[in-house]
Each structure stands twice: as C-alpha cells, then as structure tokens.
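Here is start.tsv, consisting of TSV, C-alpha atoms:
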```tsv
chain	number	residue	atom	x	y	z
A	1003	MET	CA	0.00	0.00	0.00
A	1004	SER	CA	1.33	3.46	-0.81
A	1005	SER	CA	1.58	5.96	2.02
A	1006	PRO	CA	-1.37	8.30	2.59
A	1007	VAL	CA	-1.20	11.81	1.18
A	1008	LEU	CA	-2.08	15.04	2.98
A	1009	ASP	CA	-2.33	18.35	1.15
A	1010	PHE	CA	-0.79	21.22	3.08
A	1011	TRP	CA	-2.27	24.52	1.88
A	1012	PHE	CA	-0.40	27.63	2.95
A	1013	ASP	CA	0.11	31.29	2.17
A	1014	PHE	CA	3.40	32.96	3.03
A	1015	ALA	CA	1.41	35.88	4.44
A	1016	SER	CA	-0.19	33.61	7.03
A	1017	THR	CA	1.18	33.76	10.56
A	1018	TYR	CA	0.10	30.37	11.86
A	1019	SER	CA	1.44	28.73	8.70
A	1020	TYR	CA	4.89	29.45	10.13
A	1021	PRO	CA	4.76	26.93	12.99
A	1022	ALA	CA	2.84	24.51	10.76
A	1023	ALA	CA	5.48	24.65	8.03
A	1024	LEU	CA	8.28	24.15	10.52
A	1025	ARG	CA	6.53	21.23	12.26
A	1026	ILE	CA	4.95	19.28	9.44
A	1027	ALA	CA	7.84	17.30	7.94
A	1028	PRO	CA	8.98	15.33	11.02
A	1029	LEU	CA	5.39	14.72	12.18
A	1030	ALA	CA	4.42	13.43	8.73
A	1031	GLU	CA	7.49	11.24	8.51
A	1032	ALA	CA	6.74	9.69	11.88
A	1033	ARG	CA	3.32	8.67	10.57
A	1034	ASP	CA	4.54	7.80	7.08
A	1035	VAL	CA	2.31	10.41	5.46
A	1036	THR	CA	3.35	12.11	2.21
A	1037	ILE	CA	2.80	15.87	2.36
A	1038	ARG	CA	1.97	17.80	-0.78
A	1039	TRP	CA	3.02	21.41	-0.21
A	1040	ARG	CA	0.46	23.65	-1.90
A	1041	PRO	CA	1.19	27.37	-1.77
A	1042	PHE	CA	-1.74	29.62	-2.68
A	1043	LEU	CA	-2.88	33.20	-2.20
A	1044	LEU	CA	-5.41	34.02	0.49
A	1045	GLY	CA	-5.90	37.56	-0.84
A	1046	PRO	CA	-8.45	36.68	-3.55
A	1047	ILE	CA	-10.33	34.43	-1.11
A	1048	PHE	CA	-10.48	37.15	1.54
A	1049	LYS	CA	-11.55	39.66	-1.12
A	1050	ALA	CA	-14.39	37.36	-2.21
A	1051	GLN	CA	-15.78	37.49	1.33
A	1052	GLY	CA	-15.46	41.25	1.51
A	1053	TRP	CA	-12.15	41.65	3.32
A	1054	ALA	CA	-9.60	44.06	1.88
A	1055	THR	CA	-6.89	42.89	4.29
A	1056	SER	CA	-6.27	40.26	6.95
A	1057	PRO	CA	-9.05	39.80	9.53
A	1058	PHE	CA	-6.29	40.30	12.10
A	1059	ASN	CA	-6.03	43.89	10.89
A	1060	LEU	CA	-9.77	44.37	10.40
A	1061	TYR	CA	-10.48	43.26	13.98
A	1062	PRO	CA	-7.75	44.81	16.15
A	1063	ALA	CA	-8.51	42.97	19.42
A	1064	LYS	CA	-8.37	39.68	17.52
A	1065	GLY	CA	-5.14	40.79	15.88
A	1066	ARG	CA	-3.44	41.79	19.13
A	1067	ASN	CA	-4.37	38.45	20.61
A	1068	MET	CA	-3.09	36.59	17.54
A	1069	TRP	CA	0.37	38.17	17.79
A	1070	ARG	CA	0.62	37.39	21.49
A	1071	ASP	CA	-0.68	33.88	20.94
A	1072	LEU	CA	1.76	33.28	18.09
A	1073	GLU	CA	4.58	34.45	20.33
A	1074	ARG	CA	3.49	32.04	23.07
A	1075	THR	CA	3.06	29.23	20.53
A	1076	CYS	CA	6.53	29.76	19.09
A	1077	ALA	CA	8.04	29.88	22.58
A	1078	SER	CA	6.45	26.57	23.48
A	1079	LEU	CA	7.79	25.05	20.23
A	1080	HIS	CA	11.25	26.62	20.71
A	1081	LEU	CA	10.83	28.49	17.44
A	1082	PRO	CA	12.28	31.99	17.15
A	1083	PHE	CA	9.65	34.70	16.81
A	1084	GLU	CA	9.90	38.26	15.62
A	1085	ARG	CA	6.94	40.25	14.42
A	1086	PRO	CA	7.58	41.80	10.99
A	1087	GLU	CA	6.89	45.49	10.54
A	1088	THR	CA	4.44	44.91	7.71
A	1089	PHE	CA	1.50	42.54	7.97
A	1090	PRO	CA	0.26	40.96	5.87
A	1091	GLN	CA	3.17	40.91	3.44
A	1092	ASN	CA	2.59	40.40	-0.25
A	1093	SER	CA	3.37	36.73	-0.76
A	1094	LEU	CA	3.13	36.59	-4.54
A	1095	LEU	CA	6.85	36.37	-5.33
A	1096	ALA	CA	7.60	33.85	-2.57
A	1097	ALA	CA	4.68	31.67	-3.70
A	1098	ARG	CA	5.88	31.66	-7.30
A	1099	VAL	CA	9.42	30.77	-6.23
A	1100	ALA	CA	8.01	28.00	-4.05
A	1101	LEU	CA	6.22	26.54	-7.08
A	1102	VAL	CA	9.50	26.51	-9.00
A	1103	GLY	CA	11.28	24.85	-6.09
A	1104	LEU	CA	8.59	22.28	-5.31
A	1105	ALA	CA	8.97	20.97	-8.87
A	1106	GLU	CA	12.68	20.62	-8.14
A	1107	THR	CA	14.35	19.43	-4.94
A	1108	TRP	CA	14.67	22.55	-2.83
A	1109	GLY	CA	11.04	23.66	-2.51
A	1110	GLU	CA	10.28	22.56	1.04
A	1111	ASN	CA	13.52	23.96	2.37
A	1112	PHE	CA	12.74	27.23	0.63
A	1113	CYS	CA	9.26	27.38	2.19
A	1114	ARG	CA	10.68	26.83	5.66
A	1115	ALA	CA	13.37	29.45	5.00
A	1116	VAL	CA	10.76	32.03	3.96
A	1117	TYR	CA	8.66	31.47	7.07
A	1118	SER	CA	11.71	31.56	9.34
A	1119	ALA	CA	12.90	34.80	7.77
A	1120	GLU	CA	9.44	36.38	7.97
A	1121	PHE	CA	8.22	35.41	11.41
A	1122	GLY	CA	11.40	34.11	13.07
A	1123	GLU	CA	13.48	37.15	12.12
A	1124	GLY	CA	10.80	39.70	11.19
A	1125	ARG	CA	12.24	40.20	7.71
A	1126	ASN	CA	10.63	41.62	4.59
A	1127	ILE	CA	9.84	38.70	2.29
A	1128	GLU	CA	8.21	40.90	-0.34
A	1129	SER	CA	11.69	41.99	-1.35
A	1130	PRO	CA	13.37	40.15	-4.26
A	1131	ALA	CA	16.70	40.76	-2.48
A	1132	THR	CA	15.51	38.80	0.57
A	1133	ILE	CA	14.21	35.96	-1.61
A	1134	ALA	CA	17.46	35.93	-3.60
A	1135	GLY	CA	19.44	35.63	-0.36
A	1136	LEU	CA	17.33	32.71	0.82
A	1137	LEU	CA	17.86	30.97	-2.52
A	1138	ARG	CA	21.61	31.50	-2.38
A	1139	ASN	CA	21.64	29.91	1.10
A	1140	LEU	CA	20.09	26.84	-0.53
A	1141	ALA	CA	22.74	26.87	-3.28
A	1142	VAL	CA	20.11	27.82	-5.86
A	1143	ASP	CA	20.84	30.48	-8.48
A	1144	PRO	CA	18.43	33.35	-7.79
A	1145	ASP	CA	18.77	34.87	-11.25
A	1146	VAL	CA	17.55	31.72	-12.93
A	1147	VAL	CA	14.70	31.21	-10.49
A	1148	LEU	CA	13.53	34.82	-10.37
A	1149	ALA	CA	13.37	34.78	-14.18
A	1150	GLN	CA	11.28	31.60	-14.05
A	1151	THR	CA	8.76	33.30	-11.72
A	1152	GLN	CA	7.91	35.64	-14.59
A	1153	SER	CA	6.99	32.78	-16.91
A	1154	ASP	CA	3.36	32.29	-17.91
A	1155	ASP	CA	3.64	28.72	-16.72
A	1156	ILE	CA	4.44	29.61	-13.10
A	1157	LYS	CA	2.01	32.53	-13.04
A	1158	SER	CA	-0.86	30.39	-14.24
A	1159	GLN	CA	0.09	27.53	-11.92
A	1160	LEU	CA	-0.28	29.83	-8.92
A	1161	ARG	CA	-3.57	31.21	-10.23
A	1162	ALA	CA	-4.88	27.68	-10.75
A	1163	GLN	CA	-3.75	26.60	-7.31
A	1164	THR	CA	-5.54	29.57	-5.73
A	1165	GLU	CA	-8.69	28.74	-7.69
A	1166	ASP	CA	-8.38	25.13	-6.51
A	1167	ALA	CA	-8.21	26.35	-2.92
A	1168	GLN	CA	-11.34	28.42	-3.38
A	1169	ARG	CA	-13.18	25.53	-5.03
A	1170	LEU	CA	-12.16	23.29	-2.12
A	1171	GLU	CA	-13.73	25.82	0.29
A	1172	ILE	CA	-10.40	26.67	1.86
A	1173	PHE	CA	-10.98	29.89	3.78
A	1174	GLY	CA	-7.76	30.30	5.76
A	1175	ALA	CA	-4.24	29.02	6.21
A	1176	PRO	CA	-2.73	26.72	7.09
A	1177	SER	CA	-5.28	24.17	5.91
A	1178	PHE	CA	-4.86	20.43	5.59
A	1179	LEU	CA	-6.95	18.33	3.25
A	1180	THR	CA	-7.03	14.53	3.33
A	1181	SER	CA	-7.53	12.46	0.21
A	1182	ASP	CA	-11.05	11.57	1.42
A	1183	GLY	CA	-11.99	15.24	1.64
A	1184	GLU	CA	-11.63	16.11	5.32
A	1185	LEU	CA	-10.59	19.73	5.69
A	1186	PHE	CA	-8.68	20.79	8.81
A	1187	TRP	CA	-7.94	24.45	9.43
A	1188	GLY	CA	-5.13	25.86	11.53
A	1189	ASN	CA	-1.78	24.91	12.98
A	1190	ASP	CA	-3.71	23.44	15.92
A	1191	ARG	CA	-5.24	20.83	13.63
A	1192	LEU	CA	-2.03	19.48	12.09
A	1193	GLU	CA	-1.92	16.44	14.37
A	1194	ALA	CA	-5.62	15.70	13.86
A	1195	ALA	CA	-5.22	15.92	10.10
A	1196	LEU	CA	-2.27	13.52	10.12
A	1197	ALA	CA	-4.20	11.14	12.37
A	1198	TRP	CA	-7.18	11.26	9.99
A	1199	ALA	CA	-4.96	10.61	6.98
A	1200	THR	CA	-3.66	7.41	8.57
A	1201	ARG	CA	-6.79	6.01	10.13
B	45	MET	CA	-0.37	30.10	48.90
B	46	SER	CA	-3.89	30.20	47.51
B	47	SER	CA	-4.55	28.36	44.28
B	48	PRO	CA	-4.27	30.35	41.03
B	49	VAL	CA	-7.43	31.65	39.43
B	50	LEU	CA	-8.41	31.44	35.77
B	51	ASP	CA	-11.40	33.31	34.38
B	52	PHE	CA	-13.45	31.25	31.93
B	53	TRP	CA	-15.45	33.55	29.67
B	54	PHE	CA	-18.21	31.89	27.69
B	55	ASP	CA	-21.42	32.56	25.82
B	56	PHE	CA	-24.07	29.86	25.58
B	57	ALA	CA	-24.39	30.64	21.88
B	58	SER	CA	-20.75	29.68	21.30
B	59	THR	CA	-20.10	26.26	19.80
B	60	TYR	CA	-16.54	25.67	20.97
B	61	SER	CA	-17.51	26.73	24.49
B	62	TYR	CA	-19.36	23.40	24.67
B	63	PRO	CA	-16.26	21.16	24.76
B	64	ALA	CA	-14.44	23.75	26.87
B	65	ALA	CA	-17.23	23.84	29.47
B	66	LEU	CA	-17.36	20.06	29.62
B	67	ARG	CA	-13.58	19.71	29.93
B	68	ILE	CA	-12.53	22.52	32.20
B	69	ALA	CA	-13.44	21.28	35.70
B	70	PRO	CA	-11.34	18.09	35.85
B	71	LEU	CA	-8.40	19.72	34.04
B	72	ALA	CA	-8.44	22.64	36.48
B	73	GLU	CA	-8.73	20.35	39.47
B	74	ALA	CA	-5.74	18.31	38.33
B	75	ARG	CA	-3.68	21.52	38.30
B	76	ASP	CA	-5.28	22.98	41.40
B	77	VAL	CA	-6.57	26.02	39.52
B	78	THR	CA	-9.75	27.78	40.63
B	79	ILE	CA	-12.02	28.56	37.67
B	80	ARG	CA	-14.28	31.58	37.73
B	81	TRP	CA	-17.15	30.91	35.33
B	82	ARG	CA	-18.03	34.17	33.61
B	83	PRO	CA	-20.99	34.05	31.24
B	84	PHE	CA	-21.31	37.02	28.93
B	85	LEU	CA	-22.98	37.96	25.64
B	86	LEU	CA	-20.96	37.95	22.44
B	87	GLY	CA	-23.75	39.69	20.50
B	88	PRO	CA	-22.88	43.26	21.55
B	89	ILE	CA	-19.17	42.59	20.93
B	90	PHE	CA	-19.86	41.20	17.46
B	91	LYS	CA	-22.17	44.13	16.74
B	92	ALA	CA	-19.46	46.59	17.75
B	93	GLN	CA	-17.21	45.10	15.06
B	94	GLY	CA	-19.93	45.25	12.46
B	95	TRP	CA	-21.30	41.69	12.57
B	96	ALA	CA	-25.05	41.23	12.80
B	97	THR	CA	-24.71	37.49	13.44
B	98	SER	CA	-22.04	34.86	14.05
B	99	PRO	CA	-19.03	34.94	11.70
B	100	PHE	CA	-19.81	31.26	11.08
B	101	ASN	CA	-23.01	32.40	9.39
B	102	LEU	CA	-21.46	35.43	7.69
B	103	TYR	CA	-18.72	33.26	6.15
B	104	PRO	CA	-20.40	30.04	5.02
B	105	ALA	CA	-17.25	28.06	4.13
B	106	LYS	CA	-15.84	28.85	7.57
B	107	GLY	CA	-19.16	27.91	9.12
B	108	ARG	CA	-19.41	24.57	7.31
B	109	ASN	CA	-15.89	23.72	8.41
B	110	MET	CA	-16.65	24.73	12.01
B	111	TRP	CA	-19.60	22.33	12.26
B	112	ARG	CA	-17.59	19.48	10.82
B	113	ASP	CA	-14.61	20.32	13.03
B	114	LEU	CA	-16.80	20.52	16.12
B	115	GLU	CA	-18.24	17.13	15.26
B	116	ARG	CA	-14.74	15.65	14.92
B	117	THR	CA	-13.62	17.37	18.14
B	118	CYS	CA	-16.58	16.02	20.09
B	119	ALA	CA	-16.00	12.54	18.69
B	120	SER	CA	-12.39	12.58	19.81
B	121	LEU	CA	-13.49	13.71	23.29
B	122	HIS	CA	-16.32	11.15	23.42
B	123	LEU	CA	-18.83	13.97	23.79
B	124	PRO	CA	-22.24	13.63	22.12
B	125	PHE	CA	-22.83	16.06	19.27
B	126	GLU	CA	-25.96	17.19	17.56
B	127	ARG	CA	-26.22	20.35	15.57
B	128	PRO	CA	-29.16	22.50	16.69
B	129	GLU	CA	-31.58	23.78	14.05
B	130	THR	CA	-31.01	27.42	15.01
B	131	PHE	CA	-27.57	28.98	15.24
B	132	PRO	CA	-26.70	31.12	17.01
B	133	GLN	CA	-29.34	30.76	19.67
B	134	ASN	CA	-30.27	33.70	21.87
B	135	SER	CA	-28.34	33.03	25.07
B	136	LEU	CA	-29.77	35.83	27.22
B	137	LEU	CA	-32.04	33.73	29.42
B	138	ALA	CA	-29.51	30.96	29.96
B	139	ALA	CA	-26.82	33.51	30.85
B	140	ARG	CA	-29.05	35.19	33.42
B	141	VAL	CA	-29.96	31.84	34.97
B	142	ALA	CA	-26.27	30.93	35.07
B	143	LEU	CA	-25.55	34.11	37.04
B	144	VAL	CA	-28.21	33.16	39.56
B	145	GLY	CA	-26.78	29.65	39.85
B	146	LEU	CA	-23.13	30.67	40.04
B	147	ALA	CA	-23.98	32.73	43.14
B	148	GLU	CA	-25.51	29.56	44.58
B	149	THR	CA	-24.20	26.00	44.32
B	150	TRP	CA	-25.66	24.69	41.07
B	151	GLY	CA	-24.25	27.17	38.54
B	152	GLU	CA	-21.51	25.08	36.98
B	153	ASN	CA	-23.74	22.04	36.63
B	154	PHE	CA	-26.36	24.24	35.00
B	155	CYS	CA	-23.81	25.59	32.51
B	156	ARG	CA	-22.74	22.10	31.54
B	157	ALA	CA	-26.37	21.03	31.26
B	158	VAL	CA	-27.17	23.92	28.90
B	159	TYR	CA	-24.22	23.14	26.61
B	160	SER	CA	-25.02	19.42	26.59
B	161	ALA	CA	-28.65	20.12	25.73
B	162	GLU	CA	-27.73	22.61	23.01
B	163	PHE	CA	-24.85	20.92	21.21
B	164	GLY	CA	-25.01	17.37	22.56
B	165	GLU	CA	-28.73	16.97	21.87
B	166	GLY	CA	-29.42	19.84	19.45
B	167	ARG	CA	-32.09	21.32	21.70
B	168	ASN	CA	-33.54	24.82	21.78
B	169	ILE	CA	-32.06	26.61	24.78
B	170	GLU	CA	-33.82	29.88	24.03
B	171	SER	CA	-36.99	28.29	25.33
B	172	PRO	CA	-37.91	28.90	29.00
B	173	ALA	CA	-39.42	25.40	29.01
B	174	THR	CA	-36.06	23.85	28.14
B	175	ILE	CA	-34.29	25.90	30.79
B	176	ALA	CA	-36.96	25.01	33.36
B	177	GLY	CA	-36.46	21.33	32.59
B	178	LEU	CA	-32.71	21.59	33.05
B	179	LEU	CA	-33.23	23.34	36.40
B	180	ARG	CA	-35.65	20.67	37.59
B	181	ASN	CA	-33.04	18.02	36.72
B	182	LEU	CA	-30.73	19.83	39.13
B	183	ALA	CA	-33.44	19.91	41.81
B	184	VAL	CA	-33.73	23.68	41.46
B	185	ASP	CA	-37.16	25.35	41.42
B	186	PRO	CA	-37.54	26.93	37.97
B	187	ASP	CA	-40.31	29.31	39.02
B	188	VAL	CA	-38.13	30.93	41.64
B	189	VAL	CA	-35.10	31.17	39.37
B	190	LEU	CA	-36.93	32.38	36.27
B	191	ALA	CA	-38.47	35.13	38.38
B	192	GLN	CA	-35.00	36.11	39.62
B	193	THR	CA	-33.75	36.47	36.02
B	194	GLN	CA	-36.17	39.38	35.65
B	195	SER	CA	-34.66	41.28	38.57
B	196	ASP	CA	-32.71	44.45	37.90
B	197	ASP	CA	-29.83	42.97	39.84
B	198	ILE	CA	-29.33	39.99	37.52
B	199	LYS	CA	-29.99	42.03	34.38
B	200	SER	CA	-27.40	44.61	35.31
B	201	GLN	CA	-24.91	41.93	36.42
B	202	LEU	CA	-24.99	40.41	32.94
B	203	ARG	CA	-24.70	43.81	31.28
B	204	ALA	CA	-21.71	44.63	33.49
B	205	GLN	CA	-20.09	41.28	32.78
B	206	THR	CA	-20.48	41.83	29.03
B	207	GLU	CA	-18.97	45.31	29.36
B	208	ASP	CA	-16.10	43.79	31.35
B	209	ALA	CA	-15.48	41.33	28.53
B	210	GLN	CA	-15.37	44.12	25.98
B	211	ARG	CA	-13.03	46.18	28.15
B	212	LEU	CA	-10.76	43.15	28.51
B	213	GLU	CA	-10.61	42.88	24.69
B	214	ILE	CA	-12.40	39.55	24.65
B	215	PHE	CA	-13.50	39.03	21.06
B	216	GLY	CA	-14.73	35.45	21.04
B	217	ALA	CA	-15.61	32.49	23.20
B	218	PRO	CA	-14.45	30.52	24.99
B	219	SER	CA	-11.75	32.81	26.33
B	220	PHE	CA	-9.49	32.26	29.29
B	221	LEU	CA	-7.86	35.09	31.19
B	222	THR	CA	-5.14	34.60	33.78
B	223	SER	CA	-4.75	36.86	36.80
B	224	ASP	CA	-1.61	38.36	35.20
B	225	GLY	CA	-3.57	39.36	32.09
B	226	GLU	CA	-2.77	36.63	29.55
B	227	LEU	CA	-5.73	36.11	27.25
B	228	PHE	CA	-6.19	32.73	25.56
B	229	TRP	CA	-8.91	32.25	22.99
B	230	GLY	CA	-10.58	28.99	22.04
B	231	ASN	CA	-11.16	25.50	23.34
B	232	ASP	CA	-7.77	24.62	21.85
B	233	ARG	CA	-6.06	26.94	24.33
B	234	LEU	CA	-7.59	25.59	27.53
B	235	GLU	CA	-4.53	23.52	28.42
B	236	ALA	CA	-2.14	26.38	27.62
B	237	ALA	CA	-4.17	28.77	29.76
B	238	LEU	CA	-4.14	26.37	32.71
B	239	ALA	CA	-0.40	25.85	32.28
B	240	TRP	CA	0.17	29.60	32.22
B	241	ALA	CA	-1.96	30.07	35.35
B	242	THR	CA	0.26	27.64	37.29
B	243	ARG	CA	3.67	28.55	36.01
```

For this file, produce the structure as structure tokens.
Amino acid sequence: MSSPVLDFWFDFASTYSYPAALRIAPLAEARDVTIRWRPFLLGPIFKAQGWATSPFNLYPAKGRNMWRDLERTCASLHLPFERPETFPQNSLLAARVALVGLAETWGENFCRAVYSAEFGEGRNIESPATIAGLLRNLAVDPDVVLAQTQSDDIKSQLRAQTEDAQRLEIFGAPSFLTSDGELFWGNDRLEAALAWATR
Amino acid sequence: MSSPVLDFWFDFASTYSYPAALRIAPLAEARDVTIRWRPFLLGPIFKAQGWATSPFNLYPAKGRNMWRDLERTCASLHLPFERPETFPQNSLLAARVALVGLAETWGENFCRAVYSAEFGEGRNIESPATIAGLLRNLAVDPDVVLAQTQSDDIKSQLRAQTEDAQRLEIFGAPSFLTSDGELFWGNDRLEAALAWATR
C-alpha cells in the first residue's frame, strides 16, 4: 500500500502557517504520510468574502491576541519569533518561487526558509533581495529562479492553485486536506489531520 | 499560597464553548486552579465590530468547516454532538440563569447542562421550558429562578459582565484570562491557559 497523502495549503502571508510549516515534515514522517506542499494566495479568497486585508487587521482585538498567541506558541515550540513590521506581506513572489522549487528538490527547504525569515526574524519577504538571499543559502541560483517566476507557466500555476483552494472551500491558512476530503484548518489541527490521513 | 485563578469567559451561543465547558473542571482540578465561570454575551461585541450574526453564518465556508470540526472534536473527546436547528441561539435567558446559579451551588452544573442540551442533543435553549427542565433536573425550582432572572440585579450583572469582557478585549468564546492578564482564545487553548496560570 502506498503511504497516505495530505495536502498542506499555505500562504506565506499567514502567521500560523509558520509553525505549521516548521513542524509538518517530522510529524508526517513519523506517521509515514506524504505531504503535498500547496502554496496559494489568500488575498483573492479574503476579497471574495469582503475583506480588503487580513481579519487580524480588520479586527484589532483579535489581531493583538493573535500576535501574542503566536509568540506564546513559538516559545512553546522553541521556534524563534519576531513580528515583521508589515503585515500581511505580499506573498506573490515567494509563492511563485516555491512553485518553482517544489517541482525541483529545494522547494520545502525554501518554504521553511521564507517562514523563518518572515516570522522568526521579522524580515521583509516581499523583497526580491531577501528571496534571492534565501535561494543563495540553498545553493540555488536566484537569477535563474527569479526569471522563471515571470513565466506564464508559473504565473498560471499559482492562479490555478488559488482557484483550486477556493473551489475546495479553503478559507484560511494553514489548511490540511485529506484524500477523502476532510478539511482541517489551523496549525492546531495538524496532528488531527495527520491522524485522519492514517486512520 | 492560595490556588491560582483562571477566568473562563463563555457565551451559551458559542459552539466551541461546549467542549471547553465540559472539559474545564477536571483539568483545572488536576492543576489545582480555581475557575471563575463568567458568562457574557458575544452579541454586543460582534455588533461593535460590524457583525449582525455569528461569523460562522457570515462566512459560510468557515461555518461549514466549524460544524464538521466541532463534530470531529466532540467525537475525539467522546462527547455527544448534535447540531441545533437554530444557530446562534439567543443566550440571554440561559446567561441570566447561570448568574443566579453561580452565586448559589448549582451554577456550573447548570452551565454544563445547557451546553449538553444545546450541542449534545441539538435542543432549543432559548426556550424557557427547556431551561426550566434543566433546572428541575438539578433539583432547582424553575419558578423561583426564572423570576430572579427578571430582577434588575441579575440584568445589570450580565450587562456589566459583558462590558467587562469588551473592556478586557475579549472578542470570542471561549476565552481564558489569567490573573496576570494573559488572554487565551478557544477550546484549543484551555490547556495552555491552565499551564500559564500555574507557572
């Protein structure tokens, strides 16, 4: 029997996707689950429900609590935490680079590196210079990859993936979808999603 | 040293307050934490941020996922689950009765009974007849208590408690607040809140 598959849907703008992205690989390996990393853009989905920005900005009390809760969550996971100046950050470039990398060998490491830079070090991941630096750390040529992100192929892949997310009723990130259609939302549900995938 | 105190803020309309209310007493006892049960009304808080009803109704994909997630959560906790026809239910009467009971001896049992009726059996808890039945099960005279809920004292207590919640930046339920001001939101954070209270 082949190992069960779990789709991991994430947006680089999403705060709680940071701990999820950093935790998922060892947890999945322990349960022999194959993770499909599926970057998408929450922006169009939020827009469709009438939000021009993150609900954490629209509802300030909720937002203040989220930042404090994320800090506590990271502390309990021994993950570094630093709140970036801008939130949410535009995740378009990082998502396109991730799609390039996930078709090669360095995609998952790149995703983790983006989240660590953004929420572990509070860095600006909108900036091509930041992304180029992360790629160089992975021994990947940023010039080649950044050129690829401008290809119609990568652009339309990301659009299609975002449309898939919307069709699958994904409304936030991180989300986990099992092959039998169970949708789990939030870093808090990672373990439950893995358990479902293997039951 | 006296045992640490954790404030448990809940609204009887809130779905995830059901598992929290059913779980909190034994978990708190194991850690020697005193729980203060603080019923309040989310309605005015939602209204203040522009919502005329629950966000689970305003955002249907989120709402559908919540019901499925609650069902899975209850299953994993071996709690009965049945979705009530109406959501959210008006929790005013139940909250006033809870305030009467929490000043006597039967308040916590009443709170658990309301949640079990509402989300374990899908019953209508807006109805005075339902509430009267739950009181009788606790050997409490419903006529006396329902009369007390119409007193200015109880009405203003609930208003004050709801204003307290708003002042404390509580934006959802269940919420847990430690005596040193750490706010934890959601059934998923019950354990973390108890751990914080005893650290």

Sorted by chain and rising residue number, which residues of chain B lie within 9 Å of chain A, and what are their closest atom pairs and distances in Å to one decimal, counting only C-alpha atoms, as JSON lines?
```
{"residue": "B:Gln93", "atom": "CA", "partner": "A:Tyr1061", "partner_atom": "CA", "distance": 7.1}
{"residue": "B:Leu102", "atom": "CA", "partner": "A:Gln1051", "partner_atom": "CA", "distance": 8.8}
{"residue": "B:Tyr103", "atom": "CA", "partner": "A:Gln1051", "partner_atom": "CA", "distance": 7.1}
{"residue": "B:Ala105", "atom": "CA", "partner": "A:Glu1171", "partner_atom": "CA", "distance": 5.7}
{"residue": "B:Lys106", "atom": "CA", "partner": "A:Phe1173", "partner_atom": "CA", "distance": 6.3}
{"residue": "B:Asn109", "atom": "CA", "partner": "A:Leu1185", "partner_atom": "CA", "distance": 7.2}
{"residue": "B:Arg112", "atom": "CA", "partner": "A:Leu1185", "partner_atom": "CA", "distance": 8.7}
{"residue": "B:Asp113", "atom": "CA", "partner": "A:Phe1186", "partner_atom": "CA", "distance": 7.3}
{"residue": "B:Glu213", "atom": "CA", "partner": "A:Ala1063", "partner_atom": "CA", "distance": 5.7}
{"residue": "B:Ile214", "atom": "CA", "partner": "A:Ala1063", "partner_atom": "CA", "distance": 7.4}
{"residue": "B:Phe215", "atom": "CA", "partner": "A:Lys1064", "partner_atom": "CA", "distance": 6.3}
{"residue": "B:Gly216", "atom": "CA", "partner": "A:Lys1064", "partner_atom": "CA", "distance": 8.4}
{"residue": "B:Glu226", "atom": "CA", "partner": "A:Arg1070", "partner_atom": "CA", "distance": 8.8}
{"residue": "B:Leu227", "atom": "CA", "partner": "A:Asn1067", "partner_atom": "CA", "distance": 7.2}
{"residue": "B:Phe228", "atom": "CA", "partner": "A:Asp1071", "partner_atom": "CA", "distance": 7.3}
{"residue": "B:Trp229", "atom": "CA", "partner": "A:Asn1067", "partner_atom": "CA", "distance": 8.0}
{"residue": "B:Asp232", "atom": "CA", "partner": "A:Asp1190", "partner_atom": "CA", "distance": 7.3}
```

Can you write out the residues you just picked, keeping C-alpha atoms, as a PDB file, in the coordinates of the input?
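Printed below is again-v2.pdb as written:
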```
ATOM      1  CA  GLN B  93     -17.210  45.100  15.060  1.00  0.00           C
ATOM      2  CA  LEU B 102     -21.460  35.430   7.690  1.00  0.00           C
ATOM      3  CA  TYR B 103     -18.720  33.260   6.150  1.00  0.00           C
ATOM      4  CA  ALA B 105     -17.250  28.060   4.130  1.00  0.00           C
ATOM      5  CA  LYS B 106     -15.840  28.850   7.570  1.00  0.00           C
ATOM      6  CA  ASN B 109     -15.890  23.720   8.410  1.00  0.00           C
ATOM      7  CA  ARG B 112     -17.590  19.480  10.820  1.00  0.00           C
ATOM      8  CA  ASP B 113     -14.610  20.320  13.030  1.00  0.00           C
ATOM      9  CA  GLU B 213     -10.610  42.880  24.690  1.00  0.00           C
ATOM     10  CA  ILE B 214     -12.400  39.550  24.650  1.00  0.00           C
ATOM     11  CA  PHE B 215     -13.500  39.030  21.060  1.00  0.00           C
ATOM     12  CA  GLY B 216     -14.730  35.450  21.040  1.00  0.00           C
ATOM     13  CA  GLU B 226      -2.770  36.630  29.550  1.00  0.00           C
ATOM     14  CA  LEU B 227      -5.730  36.110  27.250  1.00  0.00           C
ATOM     15  CA  PHE B 228      -6.190  32.730  25.560  1.00  0.00           C
ATOM     16  CA  TRP B 229      -8.910  32.250  22.990  1.00  0.00           C
ATOM     17  CA  ASP B 232      -7.770  24.620  21.850  1.00  0.00           C
TER      18      ASP B 232
END
```

Closest to A:Ser1093 among A:Glu1120, A:Asp1166, A:Asp1143, A:Asp1154, using all atoms listed in the file?
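Using all atoms listed in the file, the shortest distance to A:Ser1093 belongs to A:Glu1120.
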
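Near stretch 138-140 of chain B, within a cut-off of 6 Å and counting only C-alpha atoms, sit the residues Pro83, Ser135, Leu136, Ala142, Leu143 and Thr193 of chain B, with same-chain residues fewer than 2 positions away left out.
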
Adding 4 Å on each side of the box along x, y and z that holds all listed atoms of stretch 228-231 of chain B, could you give its centre and edge lengths in Å to one decimal, as AutoDock Vina command-line options?
```
--center_x -8.7 --center_y 29.1 --center_z 23.8 --size_x 13.0 --size_y 15.2 --size_z 11.5
```

Correct to one decimal, the distance atom CA of A:Phe1010-atom CA of A:Glu1087 is 26.5 Å

Using Å and a single decimal, report how far atom CA of B:Asn181 sits from atom CA of B:Pro124.
18.7 Å

Just checking: using only C-alpha atoms, which residue out of A:Pro1006, A:Pro1086, A:Pro1021, A:Gly1122 ends up closest to A:Ala1197?
A:Pro1006

Identify which of the residues A:Leu1136, A:Leu1029, A:Ala1077, A:Leu1043 lies closest to A:Val1116, counting all atoms listed in the file when measuring atom-to-atom distances.
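Between A:Leu1136, A:Leu1029, A:Ala1077, A:Leu1043, the residue approaching A:Val1116 most closely is A:Leu1136.
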
Give me the residues within 12 Å of A:Leu1081 as a count of residues only, counting only C-alpha atoms and dropping any in the same chain fewer than 5 places off.
18

For A:Ser1005, work out the shell of residues within 12 Å, counting only C-alpha atoms and skipping chain neighbours fewer than 2 positions away, then give it as a list in words.
Met1003, Val1007, Leu1008, Ala1030, Glu1031, Ala1032, Arg1033, Asp1034, Val1035, Thr1036, Ile1037, Ser1181, Leu1196, Ala1199, Thr1200 and Arg1201 of chain A

Which of A:Ala1105, A:Ala1015, A:Trp1053, A:Glu1193 sits closest to A:Gln1159 [using all atoms listed in the file]:
A:Ala1105

Record the distance separating atom CA of A:Gly1183 and atom CA of A:Glu1165, expressed in Å with one decimal.
16.7 Å

Go through B:Phe84, B:Lys91, B:Thr130, B:Gly145 and flag the residue nearest B:Ser200, using only C-alpha atoms for the distances.
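The closest residue to B:Ser200 is B:Phe84.
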